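Raw run.cif, mmCIF, C-alpha atoms:
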data_my_file
loop_
_atom_site.label_atom_id
_atom_site.label_comp_id
_atom_site.auth_asym_id
_atom_site.auth_seq_id
_atom_site.Cartn_x
_atom_site.Cartn_y
_atom_site.Cartn_z
CA MET Y 164 -28.00 7.23 59.25
CA THR Y 165 -25.78 10.04 60.51
CA GLU Y 166 -25.28 13.42 58.86
CA GLN Y 167 -21.73 12.39 57.98
CA ASP Y 168 -22.97 9.27 56.15
CA ILE Y 169 -25.47 11.36 54.18
CA GLN Y 170 -22.82 13.88 53.17
CA GLN Y 171 -20.56 11.05 52.07
CA LYS Y 172 -23.28 9.63 49.79
CA LEU Y 173 -24.01 13.07 48.33
CA THR Y 174 -20.33 13.58 47.58
CA LYS Y 175 -20.29 10.25 45.75
CA LEU Y 176 -23.22 11.40 43.59
CA ALA Y 177 -21.04 14.14 42.11
CA GLN Y 178 -18.31 11.55 41.59
CA VAL Y 179 -20.72 9.43 39.54
CA ILE Y 180 -21.09 12.23 36.97
CA ASP Y 181 -17.31 12.64 36.79
CA GLU Y 182 -16.81 8.89 36.41
CA VAL Y 183 -19.30 8.66 33.54
CA GLY Y 184 -17.46 11.62 32.01
CA LYS Y 185 -14.40 9.38 31.57
CA VAL Y 186 -16.31 7.61 28.80
CA ILE Y 187 -18.97 10.10 27.70
CA VAL Y 188 -17.62 13.42 26.45
CA GLY Y 189 -19.86 16.36 27.33
CA GLN Y 190 -23.62 15.71 27.78
CA ARG Y 191 -23.28 16.55 31.48
CA ASP Y 192 -26.82 17.90 31.60
CA VAL Y 193 -28.18 14.65 30.15
CA ILE Y 194 -26.23 12.54 32.64
CA GLU Y 195 -27.53 14.75 35.46
CA GLN Y 196 -31.11 14.32 34.26
CA LEU Y 197 -30.66 10.55 34.21
CA LEU Y 198 -29.49 10.67 37.81
CA ILE Y 199 -32.40 12.93 38.76
CA SER Y 200 -34.84 10.38 37.31
CA MET Y 201 -33.18 7.57 39.23
CA LEU Y 202 -33.08 9.45 42.52
CA ALA Y 203 -36.74 10.40 42.09
CA GLY Y 204 -37.57 6.74 41.55
CA GLY Y 205 -38.82 7.14 37.99
CA HIS Y 206 -38.02 6.14 34.44
CA CYS Y 207 -36.46 8.18 31.67
CA LEU Y 208 -36.97 8.37 27.91
CA LEU Y 209 -33.98 9.48 25.83
CA GLU Y 210 -34.43 10.78 22.30
CA GLY Y 211 -31.66 11.61 19.87
CA VAL Y 212 -30.34 10.81 16.42
CA PRO Y 213 -28.11 7.72 16.00
CA GLY Y 214 -24.50 7.98 17.08
CA LEU Y 215 -24.90 10.23 20.15
CA ALA Y 216 -23.86 7.48 22.62
CA LYS Y 217 -27.28 7.11 24.27
CA THR Y 218 -26.82 3.37 24.80
CA LEU Y 219 -23.21 3.78 25.93
CA MET Y 220 -24.25 6.47 28.38
CA VAL Y 221 -26.79 4.21 30.09
CA SER Y 222 -24.47 1.19 30.25
CA THR Y 223 -21.63 3.32 31.61
CA LEU Y 224 -23.90 4.76 34.29
CA SER Y 225 -24.94 1.27 35.37
CA GLN Y 226 -21.27 0.26 35.77
CA THR Y 227 -20.49 3.19 38.05
CA LEU Y 228 -23.53 2.33 40.19
CA GLU Y 229 -22.87 -1.43 40.44
CA LEU Y 230 -26.39 -2.23 39.27
CA ASP Y 231 -27.62 -5.27 37.35
CA PHE Y 232 -27.95 -4.02 33.78
CA ARG Y 233 -29.83 -5.60 30.88
CA ARG Y 234 -30.25 -4.33 27.33
CA VAL Y 235 -33.14 -5.27 25.06
CA GLN Y 236 -33.06 -4.25 21.41
CA PHE Y 237 -36.69 -3.54 20.52
CA THR Y 238 -37.62 -4.86 17.07
CA PRO Y 239 -40.94 -5.35 15.20
CA ASP Y 240 -40.95 -9.09 15.98
CA LEU Y 241 -40.22 -8.73 19.72
CA MET Y 242 -42.85 -10.45 21.89
CA PRO Y 243 -43.98 -9.54 25.46
CA SER Y 244 -42.56 -12.85 26.72
CA ASP Y 245 -39.14 -11.79 25.41
CA ILE Y 246 -39.21 -9.02 28.02
CA ILE Y 247 -41.12 -10.27 31.07
CA GLY Y 248 -40.40 -13.99 30.71
CA THR Y 249 -42.38 -17.16 30.06
CA GLU Y 250 -43.23 -20.55 31.52
CA ILE Y 251 -41.10 -23.49 30.53
CA LEU Y 252 -41.80 -27.20 31.00
CA GLU Y 253 -39.40 -28.93 33.38
CA GLU Y 254 -39.17 -32.46 34.73
CA ASP Y 255 -38.41 -33.62 38.26
CA HIS Y 256 -35.75 -36.30 37.72
CA ALA Y 257 -36.54 -37.96 41.06
CA SER Y 258 -40.29 -38.42 40.52
CA GLY Y 259 -40.50 -38.09 36.75
CA LYS Y 260 -43.30 -35.51 37.09
CA ARG Y 261 -43.43 -32.56 34.76
CA PHE Y 262 -44.30 -29.03 35.79
CA PHE Y 263 -44.26 -25.47 34.49
CA LYS Y 264 -41.69 -23.05 35.88
CA PHE Y 265 -41.61 -19.32 35.25
CA GLN Y 266 -38.41 -18.31 33.50
CA LYS Y 267 -37.74 -14.66 34.31
CA GLY Y 268 -37.04 -12.31 31.42
CA PRO Y 269 -34.55 -9.44 31.15
CA VAL Y 270 -36.96 -7.05 32.93
CA PHE Y 271 -35.80 -8.61 36.21
CA CYS Y 272 -32.84 -6.30 36.71
CA ASN Y 273 -32.00 -2.90 38.21
CA ILE Y 274 -31.59 -0.99 34.95
CA LEU Y 275 -33.40 -2.09 31.81
CA LEU Y 276 -32.26 -0.34 28.65
CA ALA Y 277 -35.16 -0.47 26.20
CA ASP Y 278 -33.22 0.41 23.07
CA GLU Y 279 -35.29 1.98 20.27
CA ILE Y 280 -38.54 1.34 22.10
CA ASN Y 281 -40.59 2.85 19.26
CA ARG Y 282 -39.48 0.04 16.91
CA THR Y 283 -41.76 -2.55 18.52
CA PRO Y 284 -45.59 -2.86 18.29
CA PRO Y 285 -47.91 -1.50 21.04
CA LYS Y 286 -48.58 -5.00 22.41
CA THR Y 287 -44.94 -5.42 23.38
CA GLN Y 288 -44.60 -1.80 24.52
CA ALA Y 289 -47.57 -2.37 26.85
CA ALA Y 290 -45.78 -5.32 28.47
CA LEU Y 291 -43.62 -2.75 30.26
CA LEU Y 292 -46.56 -0.77 31.70
CA GLU Y 293 -47.10 -2.85 34.83
CA ALA Y 294 -43.37 -3.21 35.44
CA MET Y 295 -42.85 0.55 35.18
CA GLN Y 296 -45.80 1.55 37.34
CA GLU Y 297 -46.09 -1.25 39.93
CA LYS Y 298 -42.48 -2.52 39.92
CA ARG Y 299 -43.75 -6.06 39.48
CA VAL Y 300 -44.74 -8.50 36.74
CA SER Y 301 -47.87 -10.68 36.56
CA TYR Y 302 -47.82 -13.97 34.67
CA GLY Y 303 -50.09 -17.00 34.91
CA GLY Y 304 -52.00 -15.57 37.84
CA GLU Y 305 -48.84 -14.98 39.89
CA SER Y 306 -47.07 -11.71 40.71
CA TYR Y 307 -43.30 -11.42 40.74
CA GLU Y 308 -41.61 -8.47 42.41
CA LEU Y 309 -38.84 -6.73 40.50
CA PRO Y 310 -35.47 -5.98 42.14
CA LYS Y 311 -34.96 -2.68 43.93
CA PRO Y 312 -34.13 -0.22 42.57
CA PHE Y 313 -35.70 -0.70 39.15
CA PHE Y 314 -35.42 1.77 36.26
CA VAL Y 315 -36.44 1.67 32.62
CA LEU Y 316 -34.19 3.89 30.53
CA ALA Y 317 -35.60 3.86 27.01
CA THR Y 318 -34.21 5.36 23.83
CA GLN Y 319 -35.96 6.31 20.63
CA ASN Y 320 -34.85 7.66 17.29
CA PRO Y 321 -36.60 10.86 16.08
CA VAL Y 322 -35.75 10.17 12.42
CA GLU Y 323 -36.67 7.30 10.09
CA GLN Y 324 -40.24 7.11 11.39
CA ALA Y 325 -41.30 4.58 8.74
CA GLY Y 326 -42.06 1.29 10.48
CA THR Y 327 -42.09 2.75 13.99
CA TYR Y 328 -44.84 2.79 16.60
CA GLY Y 329 -45.20 5.99 18.59
CA LEU Y 330 -45.63 5.46 22.31
CA PRO Y 331 -49.24 6.03 23.45
CA GLU Y 332 -49.87 8.90 25.86
CA ALA Y 333 -50.63 6.50 28.73
CA GLN Y 334 -47.19 4.95 28.48
CA LEU Y 335 -45.40 8.24 27.84
CA ASP Y 336 -46.88 9.48 31.12
CA ARG Y 337 -45.12 6.62 32.93
CA PHE Y 338 -41.77 8.16 32.06
CA LEU Y 339 -40.78 10.66 34.70
CA MET Y 340 -38.63 12.64 32.28
CA PHE Y 341 -38.28 12.92 28.51
CA VAL Y 342 -34.71 13.97 27.75
CA ARG Y 343 -33.51 15.08 24.33
CA VAL Y 344 -29.86 14.37 23.50
CA GLY Y 345 -28.37 16.98 21.19
CA TYR Y 346 -25.23 17.13 19.08
CA PRO Y 347 -21.94 17.77 20.92
CA SER Y 348 -20.05 21.04 20.68
CA ARG Y 349 -17.09 21.29 18.30
CA GLU Y 350 -14.59 20.89 21.16
CA ASP Y 351 -16.45 17.88 22.56
CA GLU Y 352 -16.66 16.28 19.12
CA MET Y 353 -12.90 16.64 18.65
CA GLU Y 354 -12.35 14.99 22.04
CA ILE Y 355 -14.73 12.16 21.05
CA LEU Y 356 -12.66 11.51 17.92
CA ASN Y 357 -9.46 11.57 19.97
CA ARG Y 358 -10.72 9.13 22.59
CA THR Y 359 -12.49 6.65 20.35
CA THR Y 360 -9.83 6.25 17.67
CA GLY Y 361 -6.92 5.54 20.01
CA SER Y 362 -5.86 2.54 22.05
CA ASN Y 363 -6.57 3.91 25.52
CA GLU Y 364 -8.97 1.84 27.62
CA VAL Y 365 -10.89 3.42 30.48
CA GLU Y 366 -11.34 1.56 33.76
CA LEU Y 367 -14.47 2.66 35.56
CA GLN Y 368 -14.75 2.66 39.34
CA THR Y 369 -17.89 1.65 41.19
CA ILE Y 370 -19.12 4.63 43.19
CA LEU Y 371 -22.52 3.59 44.57
CA ASN Y 372 -24.47 0.33 44.87
CA ALA Y 373 -28.15 -0.64 44.89
CA GLU Y 374 -28.52 -0.09 48.66
CA ASP Y 375 -27.05 3.40 48.34
CA ILE Y 376 -29.51 4.29 45.57
CA VAL Y 377 -32.50 3.06 47.60
CA MET Y 378 -31.31 5.09 50.58
CA LEU Y 379 -30.89 8.22 48.45
CA GLN Y 380 -34.38 7.72 46.99
CA GLN Y 381 -35.78 7.76 50.50
CA LEU Y 382 -33.71 10.84 51.29
CA VAL Y 383 -35.17 12.66 48.24
CA ARG Y 384 -38.63 12.32 49.77
CA SER Y 385 -37.49 14.21 52.87
CA VAL Y 386 -36.25 17.27 50.93
CA GLU Y 387 -38.34 20.30 51.89
CA VAL Y 388 -40.66 22.11 49.49
CA SER Y 389 -42.19 25.37 50.74
CA PRO Y 390 -45.93 26.14 50.38
CA PRO Y 391 -45.27 29.01 47.89
CA LEU Y 392 -43.25 26.68 45.65
CA LEU Y 393 -45.84 23.93 45.94
CA SER Y 394 -48.47 26.48 44.90
CA TYR Y 395 -46.24 27.57 41.99
CA ILE Y 396 -45.90 23.97 40.74
CA THR Y 397 -49.66 23.46 41.00
CA ASP Y 398 -50.35 26.62 38.98
CA LEU Y 399 -47.68 25.65 36.44
CA VAL Y 400 -49.27 22.27 35.75
CA ARG Y 401 -52.81 23.70 35.66
CA SER Y 402 -51.72 26.40 33.22
CA THR Y 403 -51.03 23.70 30.60
CA ARG Y 404 -54.77 22.92 30.34
CA PRO Y 405 -56.68 24.96 27.75
CA ASP Y 406 -60.00 24.65 29.61
CA GLN Y 407 -58.73 26.58 32.64
CA ASP Y 408 -59.57 30.25 33.19
CA LYS Y 409 -56.09 31.79 33.43
CA VAL Y 410 -54.03 30.32 30.58
CA THR Y 411 -51.89 31.94 27.92
CA ASP Y 412 -53.15 32.57 24.39
CA GLN Y 413 -50.54 30.09 23.18
CA VAL Y 414 -52.03 27.30 25.30
CA LYS Y 415 -55.57 28.10 24.13
CA ARG Y 416 -54.48 28.13 20.51
CA TYR Y 417 -52.12 25.14 20.36
CA VAL Y 418 -52.79 22.72 23.24
CA ARG Y 419 -55.32 19.93 22.88
CA TRP Y 420 -54.78 18.24 26.26
CA GLY Y 421 -52.74 19.54 29.16
CA ALA Y 422 -50.72 17.73 31.80
CA GLY Y 423 -52.43 15.71 34.53
CA PRO Y 424 -51.76 15.55 38.29
CA ARG Y 425 -48.95 13.02 37.74
CA ALA Y 426 -46.99 15.84 36.11
CA GLY Y 427 -47.13 17.83 39.37
CA GLN Y 428 -45.90 14.82 41.32
CA ALA Y 429 -43.05 14.40 38.85
CA LEU Y 430 -42.11 18.09 39.08
CA VAL Y 431 -41.92 17.98 42.88
CA LEU Y 432 -39.89 14.77 42.97
CA CYS Y 433 -37.49 15.85 40.21
CA ALA Y 434 -36.96 19.26 41.82
CA LYS Y 435 -36.23 17.52 45.13
CA ALA Y 436 -33.76 15.17 43.41
CA LYS Y 437 -32.07 18.14 41.71
CA ALA Y 438 -31.72 19.92 45.06
CA LEU Y 439 -30.24 16.83 46.68
CA LEU Y 440 -27.86 16.37 43.76
CA ASP Y 441 -26.60 19.90 44.49
CA GLY Y 442 -26.25 19.07 48.21
CA ARG Y 443 -29.30 21.00 49.41
CA TYR Y 444 -32.26 19.87 51.52
CA ALA Y 445 -34.82 22.37 50.22
CA ILE Y 446 -35.83 23.09 46.64
CA THR Y 447 -35.59 26.49 44.95
CA ILE Y 448 -37.31 28.03 41.94
CA GLU Y 449 -34.17 27.24 39.90
CA ASP Y 450 -34.57 23.52 40.66
CA ILE Y 451 -38.12 23.62 39.34
CA ASN Y 452 -37.18 25.54 36.19
CA THR Y 453 -34.29 23.15 35.49
CA VAL Y 454 -36.51 20.06 35.33
CA THR Y 455 -39.78 21.54 34.02
CA THR Y 456 -39.18 21.09 30.27
CA ALA Y 457 -38.08 17.44 30.57
CA VAL Y 458 -41.04 16.69 32.85
CA LEU Y 459 -43.75 18.40 30.78
CA ARG Y 460 -42.67 18.01 27.13
CA HIS Y 461 -44.25 14.56 26.77
CA ARG Y 462 -47.31 15.32 28.88
CA ILE Y 463 -48.72 18.12 26.71
CA LEU Y 464 -50.64 17.07 23.59
CA LEU Y 465 -50.63 19.68 20.85
CA ASN Y 466 -53.31 20.09 18.18
CA PHE Y 467 -53.12 20.29 14.39
CA GLN Y 468 -52.79 24.07 14.49
CA ALA Y 469 -49.52 23.72 16.42
CA GLU Y 470 -48.22 21.31 13.79
CA ALA Y 471 -49.26 23.69 11.00
CA ASP Y 472 -47.50 26.62 12.71
CA ASN Y 473 -44.45 24.46 13.58
CA ILE Y 474 -44.89 24.98 17.34
CA SER Y 475 -43.24 22.48 19.69
CA THR Y 476 -44.11 21.53 23.26
CA ASP Y 477 -40.77 23.00 24.36
CA GLU Y 478 -41.88 26.41 23.06
CA VAL Y 479 -45.20 26.10 24.89
CA VAL Y 480 -43.44 25.20 28.15
CA ALA Y 481 -41.00 28.11 27.72
CA GLY Y 482 -43.95 30.44 27.27
CA LEU Y 483 -45.59 29.13 30.44
CA LEU Y 484 -42.45 29.65 32.51
CA LYS Y 485 -42.17 33.19 31.21
CA ALA Y 486 -45.84 34.07 31.80
CA LEU Y 487 -46.38 32.48 35.22
CA PRO Y 488 -45.73 34.92 38.10
CA LEU Y 489 -42.91 33.85 40.41
CA PRO Y 490 -43.74 33.25 44.08
CA LYS Y 491 -43.00 36.26 46.27
CA SER Y 492 -40.86 34.31 48.72
CA PRO Y 493 -39.57 31.17 46.99
CA LEU Y 494 -37.75 29.86 50.06
CA ALA Y 495 -40.57 30.59 52.52
#
So, in terms of structure tokens, how does the structure I just supplied come out?
Amino acid sequence: MTEQDIQQKLTKLAQVIDEVGKVIVGQRDVIEQLLISMLAGGHCLLEGVPGLAKTLMVSTLSQTLELDFRRVQFTPDLMPSDIIGTEILEEDHASGKRFFKFQKGPVFCNILLADEINRTPPKTQAALLEAMQEKRVSYGGESYELPKPFFVLATQNPVEQAGTYGLPEAQLDRFLMFVRVGYPSREDEMEILNRTTGSNEVELQTILNAEDIVMLQQLVRSVEVSPPLLSYITDLVRSTRPDQDKVTDQVKRYVRWGAGPRAGQALVLCAKAKALLDGRYAITIEDINTVTTAVLRHRILLNFQAEADNISTDEVVAGLLKALPLPKSPLA
């Protein structure tokens, strides 16, 4: 691929954000983080109160990318077979013989929206583990490859916790980023009311397709990261672990378990995706700081003392970024 082709694809990435903005008012940072997750080849967990257009945001993004989109509403009675598929009994009309055929479930798509994922029991949540990690599904001794690209974009509601099932740490770690969706500003909320109570219909244009996304994912891997920045990311992840020598008092007091090596991998990939999204081929310290909170907030397990003192993981991460010395030559 020529330099001109690459620049053309990068220009279209910025157009994707603008196109989604035709439907979603504000939330540009959230849309950007969704794209970062996709470019880095990972999955994203969205958390926000009802009515913040989380589902609409994901479906709109899939339309602009011309990707096969499926939505599954997670409920307490949802079964694993409702997601990955099941075997059905069929009959060969010519011979009269009967046989079992695997009927693929909604997970066989490019973007799977797992809506309110914390509403379903752990058994069904676990059905997504292999799909998220290996990009394939096993059933009846056979393995079935998922389409490329494949993303799980899950939503969960932080309120009304009665009857919900919190995601286990092992599955939370499979999400590349954990993005919190906040309330819109007053101006954005007025614009939302204006758009959604009128008769105007928005026609979305397709900007990129599945092949473009796969190509951009490969391009993300080639973005440069300097040794000083790689060392900085390593120290940042290690500083979340209370058993290490050089950690902050806040980590020692409030953190039960720190982030594992997968967090460092996620930081590097997300920083590379952020750099590419901005049209650069080398990451900077700003790229790392932009993605750090969303990458680490679900990979740090706090203790009871943190809950008693009303300390959040976001506050712990902010303290780490403030305490960790910056590399002397970030672009070296």
Test item: the PyMOL selection byres ((chain Y and resi 244-256) around 9) resolved as a ChimeraX atom specification | /Y:235,241-243,257-271,287,290-291,294,300-303
Please identify all polymer residues within 6 Å of region 364-376 of chain Y, counting only C-alpha atoms, omitting same-chain residues fewer than 4 positions from it, and present them as a list in words.
-> Thr227, Leu228 and Glu229 of chain Y
Reference answer for the PyMOL selection byres ((chain Y and resi 462) around 10), as number ranges by chain = Y: 332-333, 335-341, 400, 403, 420-423, 425-426, 457-461, 463-465, 476
List, as a count of residues only, every residue that the PyMOL selection byres ((chain Y and resi 184) around 12) selects in the file provided.
-> 31
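One finds CA of Gly211 (chain Y) at 24.6 Å from CA of Gln296 (chain Y).
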In terms of all atoms listed in the file, the residue from Y:Met353, Y:Val410, Y:Leu382, Y:Val418 at minimal distance from Ala486 (chain Y) is Y:Val410
Closest-contact table, region 233-277 of chain Y side, partner region 312-323 of chain Y, 7 Å, counting only C-alpha atoms, as a Markdown table:
| residue | atom | partner | partner_atom | distance |
| --- | --- | --- | --- | --- |
| Y:Cys272 | CA | Y:Phe313 | CA | 6.7 |
| Y:Asn273 | CA | Y:Phe313 | CA | 4.4 |
| Y:Ile274 | CA | Y:Phe314 | CA | 4.9 |
| Y:Leu275 | CA | Y:Val315 | CA | 4.9 |
| Y:Leu276 | CA | Y:Leu316 | CA | 5.0 |
| Y:Ala277 | CA | Y:Ala317 | CA | 4.4 |
